[in-house]
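S.K.: protein-v7.txt is the file, holding compact mmCIF, C-alpha atoms and all ligand atoms:
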# COMPACT_ATOMS: atom_id res chain seq x y z
CA MET I 1 -45.89 -13.82 -39.80
CA SER I 2 -47.67 -12.29 -42.77
CA PRO I 3 -45.89 -9.66 -44.85
CA GLY I 4 -47.18 -6.22 -44.00
CA THR I 5 -47.45 -6.89 -40.26
CA HIS I 6 -47.20 -3.58 -38.40
CA ILE I 7 -44.72 -3.46 -35.53
CA LEU I 8 -43.73 -0.72 -33.11
CA VAL I 9 -40.00 -0.45 -32.50
CA THR I 10 -38.70 1.88 -29.80
CA GLY I 11 -35.14 3.18 -29.86
CA GLY I 12 -34.98 2.28 -33.54
CA LEU I 13 -32.35 4.93 -34.26
CA GLY I 14 -29.92 3.42 -31.75
CA PHE I 15 -27.10 1.00 -32.49
CA ILE I 16 -29.09 -2.25 -32.29
CA GLY I 17 -32.57 -0.81 -32.92
CA SER I 18 -31.49 0.68 -36.26
CA CYS I 19 -30.08 -2.67 -37.35
CA PHE I 20 -33.39 -4.28 -36.38
CA VAL I 21 -35.48 -1.67 -38.24
CA GLU I 22 -33.40 -2.13 -41.39
CA MET I 23 -33.81 -5.91 -41.23
CA ALA I 24 -37.54 -5.63 -40.41
CA LEU I 25 -38.19 -3.44 -43.47
CA GLU I 26 -36.22 -5.90 -45.63
CA ARG I 27 -38.42 -8.70 -44.28
CA GLY I 28 -41.62 -6.86 -45.25
CA TYR I 29 -42.73 -5.47 -41.89
CA ILE I 30 -44.33 -2.06 -41.56
CA VAL I 31 -42.37 -0.23 -38.88
CA THR I 32 -43.28 2.66 -36.61
CA ASN I 33 -40.28 3.81 -34.59
CA VAL I 34 -40.60 5.83 -31.39
CA ASP I 35 -37.24 7.34 -30.58
CA LYS I 36 -36.39 10.29 -28.35
CA MET I 37 -33.35 10.93 -30.55
CA THR I 38 -30.78 11.29 -27.81
CA TYR I 39 -27.06 11.75 -28.43
CA ALA I 40 -26.94 7.97 -29.07
CA SER I 41 -29.25 8.08 -32.10
CA ARG I 42 -27.79 7.48 -35.53
CA THR I 43 -28.18 10.20 -38.13
CA ASP I 44 -26.88 8.11 -41.04
CA THR I 45 -29.64 5.50 -41.43
CA GLN I 46 -30.89 4.87 -44.96
CA PHE I 47 -34.42 3.73 -44.09
CA HIS I 48 -35.99 7.13 -43.26
CA THR I 49 -37.37 7.43 -46.81
CA ASN I 50 -38.84 3.91 -46.87
CA PRO I 51 -42.63 4.21 -47.38
CA HIS I 52 -43.19 1.45 -44.81
CA TYR I 53 -41.34 3.39 -42.09
CA THR I 54 -42.66 6.10 -39.77
CA LEU I 55 -40.66 7.92 -37.11
CA ILE I 56 -42.26 9.44 -34.02
CA GLN I 57 -39.76 11.54 -32.09
CA LYS I 58 -40.90 11.03 -28.51
CA ASP I 59 -39.73 9.79 -25.12
CA ILE I 60 -41.33 6.40 -24.43
CA SER I 61 -42.14 7.59 -20.92
CA ASP I 62 -44.24 10.44 -22.39
CA LEU I 63 -45.95 8.49 -25.17
CA GLU I 64 -49.72 8.92 -24.84
CA THR I 65 -51.10 6.45 -27.36
CA LEU I 66 -49.96 3.43 -29.32
CA PRO I 67 -50.46 3.26 -33.07
CA SER I 68 -53.49 1.10 -33.84
CA HIS I 69 -53.24 -2.49 -35.08
CA ILE I 70 -49.67 -3.23 -34.11
CA ALA I 71 -48.76 -6.89 -33.61
CA TYR I 72 -45.59 -6.39 -31.55
CA ILE I 73 -43.75 -3.75 -29.56
CA ILE I 74 -40.02 -4.35 -29.58
CA ASN I 75 -38.54 -2.15 -26.87
CA PHE I 76 -34.93 -1.22 -27.54
CA ALA I 77 -35.23 2.32 -26.14
CA ALA I 78 -32.91 2.76 -23.20
CA GLU I 79 -30.02 4.68 -21.81
CA SER I 80 -27.35 2.09 -22.47
CA HIS I 81 -23.93 3.23 -21.28
CA VAL I 82 -22.79 1.89 -17.90
CA ASP I 83 -20.26 4.68 -17.29
CA ASN I 84 -22.98 7.31 -17.77
CA SER I 85 -25.24 5.45 -15.34
CA ILE I 86 -22.53 5.57 -12.67
CA LYS I 87 -22.12 9.34 -13.12
CA SER I 88 -25.85 10.15 -13.07
CA THR I 89 -28.72 7.74 -12.60
CA HIS I 90 -31.81 9.87 -13.29
CA ALA I 91 -32.07 9.44 -17.07
CA PHE I 92 -31.63 5.69 -16.63
CA LEU I 93 -34.60 5.47 -14.28
CA LYS I 94 -36.71 7.64 -16.59
CA SER I 95 -36.05 5.79 -19.84
CA ASN I 96 -35.32 2.26 -18.69
CA VAL I 97 -37.90 1.94 -15.90
CA HIS I 98 -40.56 4.66 -16.22
CA GLY I 99 -40.45 4.31 -20.00
CA VAL I 100 -41.16 0.58 -19.80
CA HIS I 101 -43.88 1.21 -17.21
CA ASN I 102 -45.57 3.69 -19.55
CA LEU I 103 -45.42 1.29 -22.52
CA LEU I 104 -46.88 -1.52 -20.41
CA GLU I 105 -49.70 0.74 -19.26
CA LEU I 106 -50.46 1.70 -22.86
CA VAL I 107 -50.65 -2.00 -23.77
CA ARG I 108 -52.84 -2.70 -20.72
CA LYS I 109 -55.29 0.03 -21.80
CA THR I 110 -55.58 -1.52 -25.29
CA PRO I 111 -58.61 -3.82 -25.76
CA SER I 112 -57.38 -7.34 -24.98
CA ASP I 113 -58.04 -8.70 -28.48
CA GLU I 114 -55.92 -5.91 -30.03
CA ARG I 115 -53.00 -5.96 -27.61
CA PRO I 116 -49.54 -6.27 -29.13
CA VAL I 117 -47.03 -8.78 -27.77
CA PHE I 118 -44.40 -6.88 -25.76
CA ILE I 119 -40.80 -7.83 -26.46
CA GLN I 120 -38.34 -6.40 -23.96
CA ILE I 121 -34.76 -6.20 -25.19
CA SER I 122 -32.60 -6.86 -22.17
CA THR I 123 -29.01 -7.76 -21.45
CA ASP I 124 -26.83 -10.46 -19.90
CA GLU I 125 -25.72 -7.76 -17.46
CA VAL I 126 -28.93 -8.29 -15.44
CA TYR I 127 -27.45 -11.54 -14.06
CA GLY I 128 -24.34 -9.83 -12.72
CA ASP I 129 -21.05 -11.63 -13.03
CA ILE I 130 -20.22 -15.32 -12.85
CA LEU I 131 -16.66 -16.56 -12.30
CA GLU I 132 -17.19 -20.03 -13.76
CA GLY I 133 -19.96 -21.62 -15.80
CA SER I 134 -22.82 -19.74 -17.46
CA PHE I 135 -26.18 -18.29 -16.45
CA SER I 136 -29.34 -19.82 -17.86
CA GLU I 137 -32.66 -18.01 -18.17
CA GLU I 138 -33.80 -19.53 -14.86
CA ASP I 139 -31.03 -17.94 -12.81
CA ARG I 140 -31.73 -15.07 -10.46
CA LEU I 141 -30.93 -11.49 -11.38
CA LYS I 142 -28.17 -9.73 -9.46
CA PRO I 143 -27.21 -6.56 -11.34
CA SER I 144 -24.02 -4.75 -10.37
CA ASN I 145 -24.46 -1.17 -11.58
CA PRO I 146 -27.23 1.40 -12.12
CA TYR I 147 -27.61 0.54 -15.84
CA SER I 148 -28.07 -3.18 -15.26
CA ALA I 149 -30.23 -2.53 -12.18
CA THR I 150 -32.66 -0.48 -14.29
CA LYS I 151 -32.69 -3.15 -16.99
CA ALA I 152 -33.45 -5.81 -14.36
CA ALA I 153 -36.18 -3.60 -12.88
CA ALA I 154 -37.71 -3.22 -16.34
CA GLU I 155 -37.82 -6.99 -16.78
CA GLU I 156 -39.57 -7.40 -13.43
CA LEU I 157 -42.20 -4.85 -14.47
CA VAL I 158 -42.80 -6.75 -17.71
CA ILE I 159 -43.17 -10.06 -15.85
CA GLY I 160 -45.45 -8.55 -13.18
CA TRP I 161 -47.68 -6.80 -15.73
CA GLY I 162 -47.75 -10.02 -17.73
CA ARG I 163 -49.08 -12.06 -14.87
CA THR I 164 -51.53 -9.58 -13.34
CA TYR I 165 -52.92 -7.99 -16.49
CA LYS I 166 -52.38 -10.99 -18.78
CA LEU I 167 -50.10 -9.05 -21.11
CA LYS I 168 -48.30 -11.20 -23.65
CA TYR I 169 -44.55 -10.69 -23.45
CA ARG I 170 -41.18 -12.19 -24.25
CA ILE I 171 -37.76 -11.06 -23.01
CA THR I 172 -34.36 -11.37 -24.69
CA ARG I 173 -31.05 -11.06 -22.85
CA ALA I 174 -28.09 -10.56 -25.17
CA SER I 175 -24.37 -10.36 -24.56
CA ASN I 176 -22.19 -7.40 -25.63
CA ASN I 177 -22.90 -6.37 -29.21
CA TYR I 178 -20.47 -5.12 -31.85
CA GLY I 179 -21.10 -3.92 -35.38
CA ALA I 180 -21.69 -0.87 -37.54
CA GLY I 181 -23.15 2.31 -36.12
CA GLN I 182 -22.24 1.93 -32.46
CA ASN I 183 -21.76 5.14 -30.52
CA GLU I 184 -18.12 6.11 -29.95
CA GLU I 185 -18.60 5.99 -26.16
CA LYS I 186 -18.65 2.17 -26.29
CA PHE I 187 -15.62 -0.11 -25.84
CA ILE I 188 -14.73 -1.09 -29.43
CA PRO I 189 -15.59 2.19 -31.23
CA ARG I 190 -13.80 4.16 -28.51
CA ILE I 191 -10.60 2.19 -29.04
CA MET I 192 -10.90 2.81 -32.80
CA LYS I 193 -11.53 6.52 -32.31
CA LEU I 194 -8.59 7.00 -29.96
CA ALA I 195 -6.29 4.97 -32.23
CA ARG I 196 -7.22 7.17 -35.20
CA GLN I 197 -6.25 10.17 -33.07
CA ASN I 198 -3.01 8.35 -32.27
CA GLU I 199 -4.07 8.05 -28.62
CA LYS I 200 -3.69 4.89 -26.58
CA ALA I 201 -6.77 2.84 -25.67
CA LYS I 202 -7.82 3.22 -22.03
CA ILE I 203 -8.58 -0.11 -20.40
CA TYR I 204 -10.20 -0.32 -16.97
CA GLY I 205 -8.36 -2.13 -14.17
CA ASN I 206 -6.24 -5.09 -15.26
CA GLY I 207 -8.23 -5.63 -18.46
CA LEU I 208 -8.90 -9.25 -17.59
CA GLN I 209 -12.68 -8.84 -17.29
CA LYS I 210 -14.38 -11.31 -19.63
CA ARG I 211 -17.34 -10.63 -21.88
CA GLU I 212 -19.15 -12.57 -24.58
CA TRP I 213 -19.56 -10.83 -27.93
CA THR I 214 -22.34 -11.02 -30.53
CA HIS I 215 -22.67 -9.17 -33.83
CA THR I 216 -25.78 -6.94 -34.08
CA THR I 217 -27.19 -8.79 -37.10
CA ASP I 218 -26.91 -12.10 -35.21
CA HIS I 219 -28.57 -10.50 -32.18
CA CYS I 220 -31.38 -9.14 -34.38
CA ASP I 221 -31.79 -12.54 -36.09
CA GLY I 222 -32.39 -13.93 -32.60
CA ILE I 223 -34.95 -11.23 -31.80
CA PHE I 224 -36.85 -12.01 -35.04
CA LEU I 225 -36.93 -15.69 -34.07
CA VAL I 226 -38.27 -14.82 -30.62
CA MET I 227 -40.89 -12.59 -32.24
CA GLU I 228 -41.92 -15.05 -34.94
CA LYS I 229 -41.47 -18.41 -33.20
CA GLY I 230 -40.97 -17.66 -29.50
CA VAL I 231 -43.33 -18.58 -26.69
CA ASP I 232 -45.16 -16.02 -24.57
CA SER I 233 -43.82 -15.37 -21.05
CA GLU I 234 -40.46 -16.91 -21.99
CA ILE I 235 -36.99 -15.42 -21.67
CA TYR I 236 -34.27 -16.09 -24.25
CA ASN I 237 -30.54 -15.56 -23.80
CA ILE I 238 -28.76 -14.59 -27.04
CA SER I 239 -24.99 -14.82 -27.36
CA ALA I 240 -22.55 -15.98 -30.00
CA GLY I 241 -20.42 -17.07 -27.04
CA GLU I 242 -17.18 -15.46 -28.21
CA GLU I 243 -15.66 -15.03 -24.77
CA LEU I 244 -12.70 -12.69 -24.58
CA THR I 245 -10.99 -10.55 -21.98
CA ASN I 246 -11.22 -6.82 -22.54
CA LEU I 247 -7.49 -6.84 -23.23
CA GLU I 248 -7.89 -9.53 -25.90
CA VAL I 249 -10.61 -7.46 -27.60
CA ALA I 250 -8.51 -4.31 -27.39
CA GLU I 251 -5.51 -6.09 -28.92
CA LYS I 252 -7.61 -7.41 -31.82
CA VAL I 253 -9.13 -3.97 -32.47
CA LEU I 254 -5.76 -2.24 -32.28
CA ARG I 255 -4.24 -4.67 -34.77
CA ALA I 256 -7.25 -4.19 -37.08
CA VAL I 257 -6.69 -0.43 -37.16
CA GLY I 258 -2.97 -0.81 -37.76
CA LYS I 259 -1.66 -0.10 -34.26
CA PRO I 260 0.61 -2.28 -32.12
CA ALA I 261 -1.37 -4.68 -29.92
CA ASP I 262 0.03 -3.00 -26.81
CA PHE I 263 -1.06 0.53 -27.79
CA TYR I 264 -3.14 0.86 -24.61
CA GLU I 265 -2.84 1.97 -21.01
CA LEU I 266 -4.51 0.53 -17.93
CA VAL I 267 -6.56 3.10 -16.01
CA THR I 268 -8.39 3.10 -12.65
CA ASP I 269 -11.10 0.46 -12.66
CA ARG I 270 -14.81 1.26 -12.97
CA PRO I 271 -16.67 0.91 -9.65
CA GLY I 272 -18.75 -2.27 -9.49
CA HIS I 273 -17.00 -3.63 -12.57
CA ASP I 274 -18.27 -7.13 -13.37
CA VAL I 275 -15.51 -9.71 -13.71
CA ARG I 276 -17.12 -12.07 -16.19
CA TYR I 277 -20.42 -12.50 -18.04
CA SER I 278 -21.47 -15.79 -19.57
CA ILE I 279 -24.86 -17.14 -20.65
CA THR I 280 -26.23 -20.41 -22.04
CA CYS I 281 -28.12 -20.19 -25.33
CA ASP I 282 -29.83 -23.59 -25.68
CA LYS I 283 -33.32 -22.03 -25.82
CA ILE I 284 -32.62 -19.62 -28.66
CA ARG I 285 -30.64 -22.29 -30.54
CA ALA I 286 -33.63 -24.63 -30.18
CA LEU I 287 -35.64 -22.04 -32.16
CA GLY I 288 -33.09 -22.47 -34.97
CA TRP I 289 -30.70 -19.62 -34.14
CA LYS I 290 -27.02 -19.70 -34.83
CA PRO I 291 -24.54 -16.83 -35.14
CA ASN I 292 -23.03 -16.09 -38.55
CA VAL I 293 -20.44 -13.41 -37.79
CA THR I 294 -17.23 -13.56 -35.75
CA LEU I 295 -15.42 -10.61 -34.22
CA GLU I 296 -12.33 -11.53 -36.25
CA HIS I 297 -14.34 -11.41 -39.49
CA TYR I 298 -15.97 -8.09 -38.55
CA LEU I 299 -12.64 -6.50 -37.69
CA SER I 300 -11.04 -7.74 -40.89
CA ASN I 301 -13.59 -5.70 -42.85
CA ILE I 302 -13.51 -2.37 -41.04
CA SER I 303 -12.04 0.60 -42.87
N1 LIG F 1 -25.24 -2.52 -26.88
C1 LIG F 1 -25.17 -3.73 -26.35
O1 LIG F 1 -24.11 -4.37 -26.34
C2 LIG F 1 -26.41 -4.35 -25.76
C3 LIG F 1 -26.38 -5.68 -25.36
C4 LIG F 1 -27.54 -6.27 -24.84
C5 LIG F 1 -28.70 -5.53 -24.74
N2 LIG F 1 -28.71 -4.23 -25.11
C6 LIG F 1 -29.98 -3.48 -25.01
O2 LIG F 1 -30.38 -3.21 -26.34
C7 LIG F 1 -31.08 -1.95 -26.38
C8 LIG F 1 -30.44 -1.06 -27.42
O3 LIG F 1 -29.07 -0.83 -27.06
P1 LIG F 1 -28.15 0.07 -27.99
O4 LIG F 1 -26.76 -0.28 -27.68
O5 LIG F 1 -28.65 0.04 -29.38
O6 LIG F 1 -28.45 1.52 -27.36
P2 LIG F 1 -28.11 2.95 -27.94
O7 LIG F 1 -27.74 3.77 -26.76
O8 LIG F 1 -27.18 2.86 -29.08
O9 LIG F 1 -29.50 3.47 -28.54
C9 LIG F 1 -30.60 3.72 -27.73
C10 LIG F 1 -31.67 4.41 -28.58
O10 LIG F 1 -32.83 4.57 -27.75
C11 LIG F 1 -33.24 5.93 -27.80
N3 LIG F 1 -33.81 6.26 -26.50
C12 LIG F 1 -33.16 6.32 -25.31
N4 LIG F 1 -34.05 6.66 -24.34
C13 LIG F 1 -35.25 6.79 -24.93
C14 LIG F 1 -36.54 7.12 -24.47
N5 LIG F 1 -36.78 7.39 -23.20
N6 LIG F 1 -37.56 7.16 -25.36
C15 LIG F 1 -37.34 6.90 -26.67
N7 LIG F 1 -36.14 6.61 -27.17
C16 LIG F 1 -35.11 6.54 -26.31
C17 LIG F 1 -32.01 6.73 -28.12
O11 LIG F 1 -32.36 7.97 -28.73
C18 LIG F 1 -31.25 5.80 -29.07
O12 LIG F 1 -31.67 5.99 -30.40
C19 LIG F 1 -31.03 -1.39 -24.97
O13 LIG F 1 -32.26 -1.66 -24.34
C20 LIG F 1 -29.89 -2.15 -24.30
O14 LIG F 1 -30.13 -2.29 -22.92
C21 LIG F 1 -27.59 -3.62 -25.62
Please, can you express the file's structure as structure tokens?
Ligand SMILES: NC(=O)c1ccc[n+]([C@@H]2O[C@H](COP(=O)([O-])OP(=O)(O)OC[C@H]3O[C@@H](n4cnc5c(N)ncnc54)[C@H](O)[C@@H]3O)[C@@H](O)[C@H]2O)c1
M.R.:
Amino acid sequence: MSPGTHILVTGGLGFIGSCFVEMALERGYIVTNVDKMTYASRTDTQFHTNPHYTLIQKDISDLETLPSHIAYIINFAAESHVDNSIKSTHAFLKSNVHGVHNLLELVRKTPSDERPVFIQISTDEVYGDILEGSFSEEDRLKPSNPYSATKAAAEELVIGWGRTYKLKYRITRASNNYGAGQNEEKFIPRIMKLARQNEKAKIYGNGLQKREWTHTTDHCDGIFLVMEKGVDSEIYNISAGEELTNLEVAEKVLRAVGKPADFYELVTDRPGHDVRYSITCDKIRALGWKPNVTLEHYLSNIS
């Protein structure tokens, strides 16, 4: 990858996208970011004045042209909160499915020798839950809620467009992320916010649902590896493999913000709630990836 390579990032003001943009600029990429700037966008990013950064405020499903001479599209743009998807599905279809369709069509209409490689940022939630063992990239998709269903649908579009129109693509599926700049609707920031207001954390069901956790910078390191060293038409799981129940995470977060570990209440479970996610990461590790951050370390440094 030569310095000065131009990449198109979508959703680059979101939690993970903004981390990726920051790292991309540090690594010498020229970044154009298409972001609709929804409620989930960050307003505190430092890179907006970087001369190698351009922001286009636009919905990916309404984008009419791609910038010229881009080497990669890294598609982070999505509605990302499961609870919102259960309340109302429309925005999820528009951004996560129609948006991806529009981007793929824009790539298809680009002369074949100028087409960027399409990198779809997906999630371990597309597999659905697994009670024992771990899903590998070959396993079938069986999403459990409207969010993960739209993410699975997006992947299928990418794969179908790849085969029929010979688009170059790669897909990443990451586990739950944590780190700076996450919207307060999400599990860890919400616990922190409530605790600061001296309110108990609200935990769905019995709290024994298991998730794997990955820090955003580790996730983004994995995406860079897929971009720089990955193979076209391949899918890469990315997870640090820190498997914890929701209660265990809540207890760690509560202790980190100075509250008793039992400063929570159990509330009515979310419909369709997945019991456990787990993925194998041999493929991404074979590219040289390894996680550098632990949840414990992250929590010990929060203010
Ligand atoms: N957060 C996680 O734990 C996690 C884990 C695995 C995969 N992912 C995936 O990573 C991606 C980023 O997740 P996140 O947590 O940073 O999301 P986020 O909700 O924090 O940010 C999403 C960003 O995309 C933008 N956006 C939404 N719809 C858009 C549209 N139609 N056009 C243009 N911009 C749009 C928003 O304005 C926002 O800036 C998503 O595709 C998500 O499915 C997230």
S.K.: Would you list the contacts of I:Trp213 as an MDAnalysis selection string, taking every protein, DNA or RNA residue within 10 Å and counting all atoms listed in the file, but skipping same-chain residues closer than 2 positions in sequence?
M.R.: chainID I and resid 174:178 210:211 215:216 219 238:244 249 278 294:295
S.K.: Tell me which of I:Ser136, I:Thr268, I:Thr164, I:Thr45 sits closest to I:Lys283, counting only C-alpha atoms.
M.R.: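 Distance minimum relative to I:Lys283 lands on I:Ser136.
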S.K.: State, in Å with one decimal place, the distance from atom CA of I:Ala71 to atom CA of I:Met23.
M.R.: 16.8 Å
S.K.: For ligand LIG 1 (chain F), which residue among I:Thr217, I:Gln209, I:Thr123, I:Thr172 is the nearest when counting only C-alpha atoms and all ligand atoms?
M.R.: I:Thr123
S.K.: What's the 10 Å shell around I:Arg285, counting all atoms listed in the file, without same-chain residues fewer than 2 positions away, as an mmCIF file with C-alpha atoms, keeping the file's coordinate frame?
M.R.:
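Result saved to around.cif:
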data_model
loop_
_atom_site.group_PDB
_atom_site.id
_atom_site.type_symbol
_atom_site.label_atom_id
_atom_site.label_comp_id
_atom_site.auth_asym_id
_atom_site.auth_seq_id
_atom_site.Cartn_x
_atom_site.Cartn_y
_atom_site.Cartn_z
ATOM 1 C CA GLY I 222 -32.390 -13.930 -32.600
ATOM 2 C CA LEU I 225 -36.930 -15.690 -34.070
ATOM 3 C CA TYR I 236 -34.270 -16.090 -24.250
ATOM 4 C CA ASN I 237 -30.540 -15.560 -23.800
ATOM 5 C CA ILE I 238 -28.760 -14.590 -27.040
ATOM 6 C CA SER I 239 -24.990 -14.820 -27.360
ATOM 7 C CA THR I 280 -26.230 -20.410 -22.040
ATOM 8 C CA CYS I 281 -28.120 -20.190 -25.330
ATOM 9 C CA ASP I 282 -29.830 -23.590 -25.680
ATOM 10 C CA LYS I 283 -33.320 -22.030 -25.820
ATOM 11 C CA LEU I 287 -35.640 -22.040 -32.160
ATOM 12 C CA GLY I 288 -33.090 -22.470 -34.970
ATOM 13 C CA TRP I 289 -30.700 -19.620 -34.140
ATOM 14 C CA LYS I 290 -27.020 -19.700 -34.830
ATOM 15 C CA PRO I 291 -24.540 -16.830 -35.140
#
S.K.: Let me make sure I understand: among I:Leu93, I:Leu55, I:Leu208, I:Ala201, which one has the smallest atom-to-atom distance to I:Ala261 if we use all atoms listed in the file?
M.R.: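 Among I:Leu93, I:Leu55, I:Leu208, I:Ala201, it is I:Ala201 that comes nearest to I:Ala261.
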S.K.: Please determine, counting all atoms listed in the file, which residue among I:Ile7, I:Val257, I:Ile171, I:Val231 has the shortest atom-to-atom distance to I:Ala195.
M.R.: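 Answer, going by the shortest atom-to-atom distance: I:Val257.
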S.K.: In terms of the shortest atom-to-atom distance over all atoms listed in the file, which of I:Thr110, I:Ser88, I:Ser80, I:Gln46 is closest to ligand LIG 1 (chain F)?
M.R.: I:Ser80
S.K.: List the neighbours of stretch 140-150 of chain I out to 10 Å using only C-alpha atoms; skip same-chain residues closer than 2 positions along the sequence, and give me the result as a PyMOL selection string.
M.R.: chain I and resi 78-90+92-98+122-129+135-138+152-156+271-274
S.K.: Record the distance separating atom CA of I:Ser18 and atom CA of I:Gly160, expressed in Å with one decimal.
M.R.: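 Spanning atom CA of I:Ser18 to atom CA of I:Gly160 is a straight-line distance of 28.5 Å.
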S.K.: So how far away is atom CA of I:Arg173 from atom CA of I:Leu106, in Å?
M.R.: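 Rounded to one decimal, the two atoms are 23.2 Å apart.
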S.K.: Taking (-47.9, -7.0, -28.8) in the file's coordinates as the center, which residues reach within 8 Å of it, counting only C-alpha atoms, put as a PDB file with C-alpha atoms, in the frame of the given file?
M.R.:
ATOM      1  CA  ILE I  70     -49.670  -3.230 -34.110  1.00  0.00           C
ATOM      2  CA  ALA I  71     -48.760  -6.890 -33.610  1.00  0.00           C
ATOM      3  CA  TYR I  72     -45.590  -6.390 -31.550  1.00  0.00           C
ATOM      4  CA  ILE I  73     -43.750  -3.750 -29.560  1.00  0.00           C
ATOM      5  CA  VAL I 107     -50.650  -2.000 -23.770  1.00  0.00           C
ATOM      6  CA  ARG I 115     -53.000  -5.960 -27.610  1.00  0.00           C
ATOM      7  CA  PRO I 116     -49.540  -6.270 -29.130  1.00  0.00           C
ATOM      8  CA  VAL I 117     -47.030  -8.780 -27.770  1.00  0.00           C
ATOM      9  CA  PHE I 118     -44.400  -6.880 -25.760  1.00  0.00           C
ATOM     10  CA  ILE I 119     -40.800  -7.830 -26.460  1.00  0.00           C
ATOM     11  CA  LYS I 168     -48.300 -11.200 -23.650  1.00  0.00           C
ATOM     12  CA  TYR I 169     -44.550 -10.690 -23.450  1.00  0.00           C
TER      13      TYR I 169
END
S.K.: Using all atoms listed in the file for the distances, tell me which of I:Ser68, I:Gln197, I:Gln57, I:Asn50 is nearest to ligand LIG 1 (chain F).
M.R.: I:Gln57
S.K.: Do you know which residues are at most 10 Å from I:Ser112 counting all atoms listed in the file, after dropping those on the same chain fewer than 6 positions away, and could you put them as a ChimeraX atom specification?
M.R.: /I:165-168
S.K.: What's the 10 Å shell around I:Asp35, counting all atoms listed in the file, without same-chain residues fewer than 5 positions away, as a ChimeraX atom specification?
M.R.: /I:9-14,17,41,55-60,76-78
S.K.: Fix up stretch 70-81 of chain I with N, CA, C and O atoms, then write it as a short mmCIF file (atom, residue, chain, number, x, y, z; two decimals), in the coordinates of the input.
M.R.:
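What ended up in result01.cif:
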data_model
loop_
_atom_site.label_atom_id
_atom_site.label_comp_id
_atom_site.auth_asym_id
_atom_site.auth_seq_id
_atom_site.Cartn_x
_atom_site.Cartn_y
_atom_site.Cartn_z
N ILE I 70 -51.05 -2.73 -34.09
CA ILE I 70 -49.67 -3.23 -34.11
C ILE I 70 -49.64 -4.63 -33.49
O ILE I 70 -50.33 -4.90 -32.52
N ALA I 71 -48.83 -5.50 -34.08
CA ALA I 71 -48.76 -6.89 -33.61
C ALA I 71 -47.74 -7.04 -32.48
O ALA I 71 -47.92 -7.88 -31.59
N TYR I 72 -46.67 -6.25 -32.54
CA TYR I 72 -45.59 -6.39 -31.55
C TYR I 72 -45.04 -5.01 -31.19
O TYR I 72 -45.00 -4.12 -32.04
N ILE I 73 -44.61 -4.88 -29.95
CA ILE I 73 -43.75 -3.75 -29.56
C ILE I 73 -42.39 -4.36 -29.24
O ILE I 73 -42.30 -5.29 -28.42
N ILE I 74 -41.36 -3.86 -29.88
CA ILE I 74 -40.02 -4.35 -29.58
C ILE I 74 -39.28 -3.18 -28.94
O ILE I 74 -38.95 -2.19 -29.60
N ASN I 75 -39.04 -3.30 -27.63
CA ASN I 75 -38.54 -2.15 -26.87
C ASN I 75 -37.03 -2.16 -26.72
O ASN I 75 -36.48 -2.77 -25.80
N PHE I 76 -36.38 -1.42 -27.62
CA PHE I 76 -34.93 -1.22 -27.54
C PHE I 76 -34.59 0.05 -26.76
O PHE I 76 -33.45 0.21 -26.31
N ALA I 77 -35.55 0.99 -26.67
CA ALA I 77 -35.23 2.32 -26.14
C ALA I 77 -34.68 2.22 -24.73
O ALA I 77 -35.32 1.64 -23.84
N ALA I 78 -33.53 2.78 -24.52
CA ALA I 78 -32.91 2.76 -23.20
C ALA I 78 -31.69 3.66 -23.19
O ALA I 78 -31.08 3.90 -24.24
N GLU I 79 -31.36 4.15 -22.02
CA GLU I 79 -30.02 4.68 -21.81
C GLU I 79 -29.15 3.45 -21.63
O GLU I 79 -29.48 2.55 -20.84
N SER I 80 -28.03 3.37 -22.35
CA SER I 80 -27.35 2.09 -22.47
C SER I 80 -25.89 2.07 -22.03
O SER I 80 -25.25 1.03 -22.10
N HIS I 81 -25.37 3.21 -21.57
CA HIS I 81 -23.93 3.23 -21.28
C HIS I 81 -23.66 3.18 -19.77
O HIS I 81 -24.03 4.11 -19.04
#
